[in-house]
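**Student:** Hey, dropping upload-v8.tsv in here, TSV, C-alpha atoms:
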```
chain	number	residue	atom	x	y	z
A	1	MET	CA	-26.40	-0.95	-8.88
A	2	LYS	CA	-22.84	-1.70	-7.81
A	3	LYS	CA	-21.94	-5.19	-6.70
A	4	PRO	CA	-20.87	-5.40	-3.04
A	5	PRO	CA	-17.12	-5.64	-2.48
A	6	LEU	CA	-15.76	-9.13	-2.11
A	7	THR	CA	-14.87	-8.48	1.52
A	8	ASP	CA	-18.62	-8.23	2.31
A	9	ILE	CA	-19.23	-11.82	1.18
A	10	THR	CA	-19.26	-14.57	3.79
A	11	VAL	CA	-17.57	-17.65	2.35
A	12	ALA	CA	-18.63	-21.02	3.70
A	13	PRO	CA	-15.76	-23.29	4.84
A	14	ARG	CA	-16.81	-25.95	2.31
A	15	ASP	CA	-16.18	-23.46	-0.52
A	16	ILE	CA	-12.59	-22.67	0.51
A	17	ILE	CA	-9.75	-24.42	-1.31
A	18	GLU	CA	-7.23	-24.84	1.50
A	19	GLY	CA	-4.44	-25.73	-0.92
A	20	LEU	CA	-4.76	-22.36	-2.63
A	21	VAL	CA	-4.81	-20.57	0.73
A	22	THR	CA	-1.60	-22.38	1.73
A	23	GLY	CA	-0.01	-21.73	-1.66
A	24	LEU	CA	-0.57	-18.01	-1.28
A	25	ALA	CA	0.86	-18.18	2.24
A	26	VAL	CA	3.97	-19.86	0.79
A	27	ILE	CA	4.50	-17.02	-1.68
A	28	THR	CA	3.98	-14.29	0.91
A	29	ALA	CA	6.37	-16.01	3.33
A	30	PHE	CA	9.23	-14.60	1.25
A	31	ASN	CA	10.22	-11.07	2.25
A	32	ASP	CA	13.20	-8.73	2.65
A	33	GLU	CA	14.52	-10.60	5.67
A	34	THR	CA	14.06	-14.07	4.21
A	35	ALA	CA	14.49	-13.81	0.46
A	36	ARG	CA	15.55	-17.48	0.48
A	37	LEU	CA	13.80	-20.25	2.38
A	38	THR	CA	14.46	-23.90	3.09
A	39	PRO	CA	11.51	-26.31	3.42
A	40	SER	CA	12.14	-26.50	7.17
A	41	LEU	CA	12.07	-22.74	7.64
A	42	LEU	CA	8.98	-22.38	5.46
A	43	ALA	CA	7.22	-25.16	7.39
A	44	GLU	CA	7.95	-23.40	10.66
A	45	ARG	CA	6.87	-20.03	9.32
A	46	ILE	CA	3.43	-21.00	8.00
A	47	GLY	CA	2.64	-24.01	10.15
A	48	ILE	CA	2.75	-26.97	7.75
A	49	SER	CA	4.85	-30.12	7.62
A	50	ARG	CA	8.33	-30.06	6.11
A	51	SER	CA	7.33	-32.52	3.38
A	52	ALA	CA	4.32	-30.38	2.44
A	53	ALA	CA	6.49	-27.27	2.39
A	54	ARG	CA	8.93	-29.00	0.06
A	55	ARG	CA	6.12	-30.00	-2.32
A	56	TYR	CA	4.75	-26.47	-2.42
A	57	LEU	CA	8.20	-25.06	-3.15
A	58	LEU	CA	8.85	-27.63	-5.87
A	59	THR	CA	5.48	-26.78	-7.41
A	60	LEU	CA	6.53	-23.13	-7.58
A	61	VAL	CA	9.76	-24.20	-9.26
A	62	HIS	CA	7.72	-26.25	-11.76
A	63	THR	CA	5.59	-23.20	-12.62
A	64	GLY	CA	8.66	-20.99	-13.00
A	65	MET	CA	7.74	-18.80	-10.03
A	66	ALA	CA	10.62	-20.06	-7.89
A	67	ALA	CA	14.15	-21.36	-8.33
A	68	SER	CA	16.37	-23.51	-6.13
A	69	ASP	CA	19.97	-24.56	-5.61
A	70	GLY	CA	18.81	-27.86	-4.15
A	71	ARG	CA	18.68	-26.60	-0.58
A	72	GLN	CA	17.22	-23.11	-0.60
A	73	PHE	CA	14.38	-21.69	-2.66
A	74	TRP	CA	13.69	-18.16	-3.86
A	75	LEU	CA	11.04	-16.42	-5.94
A	76	THR	CA	11.59	-15.47	-9.58
A	77	PRO	CA	10.31	-12.36	-11.38
A	78	LYS	CA	7.47	-14.44	-12.81
A	79	VAL	CA	5.65	-13.96	-9.49
A	80	LEU	CA	5.11	-10.34	-10.56
A	81	THR	CA	2.52	-11.59	-13.06
A	82	LEU	CA	0.16	-12.09	-10.10
A	83	GLY	CA	0.22	-8.38	-9.35
A	84	HIS	CA	0.02	-7.48	-13.02
A	85	SER	CA	-3.18	-9.49	-13.29
A	86	TYR	CA	-4.78	-7.12	-10.80
A	87	LEU	CA	-3.48	-4.03	-12.56
A	88	ASP	CA	-4.66	-5.36	-15.93
A	89	SER	CA	-8.15	-6.27	-14.70
A	90	ALA	CA	-8.94	-3.43	-12.28
A	91	ARG	CA	-10.52	-0.35	-13.82
A	92	MET	CA	-9.32	2.24	-11.33
A	93	PRO	CA	-5.53	1.75	-11.50
A	94	ARG	CA	-5.59	1.92	-15.30
A	95	ALA	CA	-7.97	4.87	-15.49
A	96	ILE	CA	-6.10	6.96	-12.95
A	97	VAL	CA	-2.70	6.90	-14.66
A	98	PRO	CA	-3.48	9.79	-17.09
A	99	TYR	CA	-4.43	11.95	-14.12
A	100	LEU	CA	-1.17	11.08	-12.37
A	101	GLN	CA	0.72	11.86	-15.55
A	102	HIS	CA	-0.96	15.27	-15.71
A	103	LEU	CA	-0.17	15.94	-12.05
A	104	THR	CA	3.46	14.92	-12.47
A	105	ALA	CA	3.82	17.16	-15.54
A	106	GLN	CA	2.21	20.05	-13.66
A	107	LEU	CA	4.08	19.67	-10.38
A	108	GLN	CA	7.31	18.05	-11.60
A	109	GLU	CA	7.02	15.61	-8.70
A	110	SER	CA	6.37	11.86	-8.49
A	111	THR	CA	2.68	11.06	-7.92
A	112	ASN	CA	0.87	8.00	-6.58
A	113	TYR	CA	-2.52	6.38	-6.19
A	114	SER	CA	-2.89	4.25	-3.04
A	115	VAL	CA	-5.51	2.18	-1.26
A	116	LEU	CA	-5.91	0.79	2.24
A	117	ASP	CA	-5.56	-2.97	2.68
A	118	GLY	CA	-5.97	-4.01	6.30
A	119	ASP	CA	-3.41	-2.07	8.34
A	120	ASP	CA	-1.26	-1.27	5.30
A	121	VAL	CA	-1.32	1.32	2.57
A	122	VAL	CA	-0.66	-0.23	-0.87
A	123	TYR	CA	0.79	1.90	-3.66
A	124	VAL	CA	-1.15	0.82	-6.75
A	125	SER	CA	-0.17	3.31	-9.47
A	126	ARG	CA	2.77	5.66	-9.78
A	127	VAL	CA	4.19	8.15	-12.27
A	128	ASN	CA	7.79	9.21	-11.77
A	129	ALA	CA	8.97	12.78	-12.03
A	130	PRO	CA	11.07	13.50	-15.14
A	131	ARG	CA	14.45	13.32	-13.49
A	132	HIS	CA	16.89	10.52	-12.74
A	133	LEU	CA	16.54	10.26	-8.96
A	134	THR	CA	13.00	10.43	-7.64
A	135	PRO	CA	11.85	9.39	-4.17
A	136	GLY	CA	8.78	7.28	-3.63
A	137	PHE	CA	7.37	3.78	-3.74
A	138	GLU	CA	6.83	1.54	-6.73
A	139	PRO	CA	3.45	-0.13	-7.47
A	140	GLY	CA	2.84	-3.01	-5.11
A	141	THR	CA	4.79	-1.49	-2.22
A	142	ARG	CA	3.09	-1.96	1.16
A	143	LEU	CA	3.78	0.23	4.18
A	144	PRO	CA	2.20	0.47	7.62
A	145	ALA	CA	-0.54	3.04	7.04
A	146	TYR	CA	0.54	5.34	9.88
A	147	THR	CA	4.00	5.84	8.33
A	148	SER	CA	2.84	7.49	5.09
A	149	THR	CA	0.77	10.53	4.20
A	150	ALA	CA	-1.46	8.52	1.89
A	151	GLY	CA	-1.99	5.95	4.63
A	152	ARG	CA	-2.97	8.60	7.14
A	153	VAL	CA	-5.40	10.18	4.69
A	154	LEU	CA	-7.01	6.77	4.22
A	155	LEU	CA	-7.13	6.14	7.97
A	156	ALA	CA	-8.71	9.55	8.49
A	157	GLY	CA	-11.44	8.52	6.07
A	158	LEU	CA	-12.45	5.47	8.09
A	159	PRO	CA	-15.68	5.45	10.09
A	160	GLU	CA	-14.97	6.30	13.73
A	161	GLU	CA	-15.58	2.75	14.96
A	162	GLU	CA	-13.14	1.29	12.41
A	163	LEU	CA	-10.54	3.90	13.32
A	164	ASP	CA	-10.98	3.06	17.01
A	165	ASN	CA	-10.42	-0.63	16.25
A	166	TYR	CA	-7.31	0.18	14.22
A	167	LEU	CA	-5.78	2.34	16.94
A	168	ALA	CA	-6.61	-0.26	19.57
A	169	HIS	CA	-4.56	-3.03	17.96
A	170	VAL	CA	-1.91	-1.36	15.80
A	171	GLU	CA	1.70	-1.35	17.03
A	172	LEU	CA	3.43	1.92	16.15
A	173	VAL	CA	6.89	0.66	15.21
A	174	PRO	CA	9.44	3.46	14.66
A	175	TYR	CA	11.08	3.50	11.22
A	176	THR	CA	12.94	6.73	11.93
A	177	HIS	CA	13.57	8.65	15.13
A	178	MET	CA	10.67	10.93	14.08
A	179	THR	CA	8.05	8.24	13.42
A	180	VAL	CA	4.91	8.90	15.48
A	181	GLN	CA	4.70	6.42	18.36
A	182	ASP	CA	1.98	7.95	20.50
A	183	LYS	CA	-1.54	6.82	19.57
A	184	ASP	CA	-3.19	9.94	20.98
A	185	GLU	CA	-0.91	12.07	18.85
A	186	LEU	CA	-1.70	9.97	15.78
A	187	ARG	CA	-5.45	10.32	16.44
A	188	ARG	CA	-5.09	14.10	16.67
A	189	GLU	CA	-3.21	14.17	13.38
A	190	LEU	CA	-5.86	12.01	11.69
A	191	ARG	CA	-8.63	14.30	12.94
A	192	ALA	CA	-6.73	17.33	11.58
A	193	ILE	CA	-6.39	15.60	8.20
A	194	ARG	CA	-10.13	14.86	8.18
A	195	GLU	CA	-10.94	18.49	8.94
A	196	GLN	CA	-8.54	20.15	6.52
A	197	GLY	CA	-8.96	17.63	3.69
A	198	PHE	CA	-5.29	16.83	3.13
A	199	GLY	CA	-2.22	15.53	4.92
A	200	VAL	CA	1.50	16.32	4.95
A	201	THR	CA	4.09	14.12	6.65
A	202	GLU	CA	7.85	14.29	6.87
A	203	ASN	CA	10.54	11.83	8.01
A	204	GLN	CA	8.02	9.19	9.08
A	205	TYR	CA	9.22	6.19	7.06
A	206	GLU	CA	12.46	7.55	5.65
A	207	ILE	CA	14.52	10.56	6.70
A	208	GLY	CA	14.48	13.37	4.17
A	209	MET	CA	11.21	12.40	2.51
A	210	ARG	CA	7.94	14.33	2.48
A	211	GLY	CA	4.52	13.16	1.34
A	212	ILE	CA	1.47	15.26	0.52
A	213	SER	CA	-1.86	13.53	0.00
A	214	VAL	CA	-5.58	14.12	-0.47
A	215	PRO	CA	-8.44	11.62	-0.27
A	216	LEU	CA	-10.12	10.29	-3.39
A	217	LYS	CA	-13.86	9.91	-2.78
A	218	ASN	CA	-16.67	8.37	-4.78
A	219	ARG	CA	-19.92	10.19	-5.57
A	220	HIS	CA	-21.33	9.07	-2.23
A	221	GLY	CA	-18.52	10.74	-0.29
A	222	THR	CA	-16.79	7.52	0.73
A	223	VAL	CA	-12.98	7.57	0.72
A	224	ILE	CA	-11.82	4.87	-1.72
A	225	GLY	CA	-8.18	5.84	-2.22
A	226	ALA	CA	-5.58	8.57	-1.94
A	227	LEU	CA	-3.65	10.73	-4.40
A	228	SER	CA	-0.22	11.75	-3.21
A	229	VAL	CA	3.02	13.48	-4.13
A	230	SER	CA	6.45	12.26	-2.99
A	231	MET	CA	9.39	14.66	-2.74
A	232	MET	CA	12.58	15.38	-0.91
A	233	ILE	CA	12.19	17.76	2.03
A	234	ALA	CA	15.07	19.88	0.80
A	235	SER	CA	13.14	20.83	-2.34
A	236	ALA	CA	10.93	23.39	-0.54
A	237	SER	CA	9.51	24.27	2.87
A	238	LYS	CA	6.53	22.31	4.15
A	239	ALA	CA	4.18	25.27	3.74
A	240	GLU	CA	5.44	26.09	0.24
A	241	ALA	CA	5.13	22.48	-0.90
A	242	ALA	CA	1.59	22.17	0.45
A	243	ALA	CA	0.51	25.47	-1.13
A	244	ARG	CA	1.83	24.30	-4.51
A	245	CYS	CA	0.65	20.68	-4.48
A	246	VAL	CA	-2.61	20.47	-2.51
A	247	PRO	CA	-4.78	22.51	-4.93
A	248	ALA	CA	-3.61	20.41	-7.89
A	249	LEU	CA	-4.19	17.15	-6.02
A	250	GLN	CA	-7.64	18.24	-4.91
A	251	ALA	CA	-8.60	19.35	-8.41
A	252	SER	CA	-7.71	15.91	-9.78
A	253	ALA	CA	-9.54	14.17	-6.94
A	254	ASN	CA	-12.66	16.28	-7.57
A	255	THR	CA	-12.58	15.45	-11.28
A	256	LEU	CA	-12.19	11.74	-10.61
A	257	MET	CA	-15.05	11.80	-8.11
A	258	LEU	CA	-17.49	12.61	-10.93
A	259	TRP	CA	-17.24	9.14	-12.45
A	260	VAL	CA	-15.97	6.87	-9.65
```
What would the structure in this file look like if it were written as structure tokens?

**Tutor:**
Amino acid sequence: MKKPPLTDITVAPRDIIEGLVTGLAVITAFNDETARLTPSLLAERIGISRSAARRYLLTLVHTGMAASDGRQFWLTPKVLTLGHSYLDSARMPRAIVPYLQHLTAQLQESTNYSVLDGDDVVYVSRVNAPRHLTPGFEPGTRLPAYTSTAGRVLLAGLPEEELDNYLAHVELVPYTHMTVQDKDELRRELRAIREQGFGVTENQYEIGMRGISVPLKNRHGTVIGALSVSMMIASASKAEAAARCVPALQASANTLMLWV
């Protein structure tokens, strides 16, 4: 019998190490817009005192996960070991890579395995197409789920109540002039994906990019992830790309379903 996912466990407040929670908040406070933080800015961002923020940052420097010029702090590549720990310990990301490699060799396109985490799609595994410039997202990349094909496939696989809750609170921020911003339109697209068993999106997160994705289900029929292909729109028409890629993606998903 499978163990329940960690998210189903209720953790008592007395069992929570608040220092660890804050430490993780410190690390995730760094992003594209604020690659460097001062103690004051960090304190304001995560709601702790300036002196506490400084101690957390200095602790990261001590562990080699951050560096400083005496005023500002920034993360070092050593932080990537946190993500590698997941990839090294989780069975699915490691097991799925040979299937992505086969798909990439067959389709000559970059392929991905993604999961849903809250409102985001997270790209967990990726195999690049055998050419120098390939579009797509590296492992660890997070995107708003509605902006990517894989994310929409995962949203379409949610129970109706969970999908209703998502649509009720999500803010559809435009990343291109073609990004869907109407929730009724998004719901219709998700229903179409659920009915046809695959999704195709274009120009939603980045102009010129197309994604094609199918759901990955376990033996009980529950959607647990998504397999997808990333390509430039100019490489083929939408219909031609779907006709070429969807059967291969679905064949891999059906094979994986036998042992997931």

**Student:** One decimal, in Å: what's the spacing between CA of Thr104 (chain A) and CA of Arg126 (chain A)?

**Tutor:**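 Separating CA of Thr104 (chain A) from CA of Arg126 (chain A) is a distance of 9.7 Å.
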
**Student:** Between CA of Arg14 (chain A) and CA of Val79 (chain A), what distance in Å does the model show, to one decimal?

**Tutor:**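 One can read the CA of Arg14 (chain A) to CA of Val79 (chain A) distance as 28.1 Å.
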
**Student:** Report, in Å to a single decimal, how far apart CA of Leu58 (chain A) and CA of Arg36 (chain A) are.

**Tutor:** 13.7 Å

**Student:** So which one's closest to Pro215 (chain A), A:Val153, A:Leu42, A:Ala168, A:Leu57? Using only C-alpha atoms, please.

**Tutor:**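 Distance minimum relative to Pro215 (chain A) lands on A:Val153.
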
**Student:** Of the candidates A:Ala53, A:Ala150, A:Leu107, A:Leu216, which one gets nearest to Ala243 (chain A) if we count only C-alpha atoms?

**Tutor:**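 For Ala243 (chain A), the nearest of the candidates is A:Leu107.
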
**Student:** Could you list, as a list in words, every residue within 8 Å of region 62-78 of chain A, counting only C-alpha atoms and ignoring same-chain residues fewer than 3 positions away?

**Tutor:**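 Result of the neighbour search: Ile27, Phe30, Ala35, Arg36, Leu37, Thr38, Pro39, Leu57, Leu58, Thr59 and Thr81 of chain A.
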
**Student:** Taking all atoms listed in the file into account, name the residue in A:Asn218, A:Ser230, A:Asn128, A:Asn112 that is nearest to Thr255 (chain A).

**Tutor:**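 Smallest separation from Thr255 (chain A) among the options: A:Asn218.
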
**Student:** Nearest to Leu249 (chain A) among A:Ala129, A:Asp182, A:Arg194, A:Leu103, with distances taken over all atoms listed in the file: which residue is it?

**Tutor:**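 So, comparing all the options, the nearest one is A:Leu103.
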
**Student:** Between A:Thr141, A:Thr201, A:Ser110, A:Ser148, single out the one closest to Val124 (chain A), counting all atoms listed in the file.

**Tutor:**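 Smallest distance to Val124 (chain A) is found for A:Thr141.
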
**Student:** For a cut-off of 9 Å around (-1.3, 18.5, 0.2), file coordinates, pick out all residues using all atoms listed in the file and list them as a list in words.

**Tutor:**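 The distance filter leaves exactly Gly197, Phe198, Gly199, Val200, Gly211, Ile212, Ser213, Val214, Ser228, Val229, Ala241, Ala242, Ala243, Arg244, Cys245, Val246, Pro247, Ala248, Leu249 and Gln250 of chain A.
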
**Student:** Go through A:Ile46, A:Val11, A:Val121, A:Leu41 one by one, measure the shortest atom-to-atom distance of each to Leu24 (chain A) using only C-alpha atoms, and give the residue with the smallest value.

**Tutor:**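 Among the listed residues, the smallest separation from Leu24 (chain A) belongs to A:Ile46.
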
**Student:** Taking 4 positions as the minimum chain separation for residues in the same chain, which residues sit within 9 Å of Gln181 (chain A) when counting all atoms listed in the file? Answer as number ranges by chain.

**Tutor:** A: 171-174, 185-186
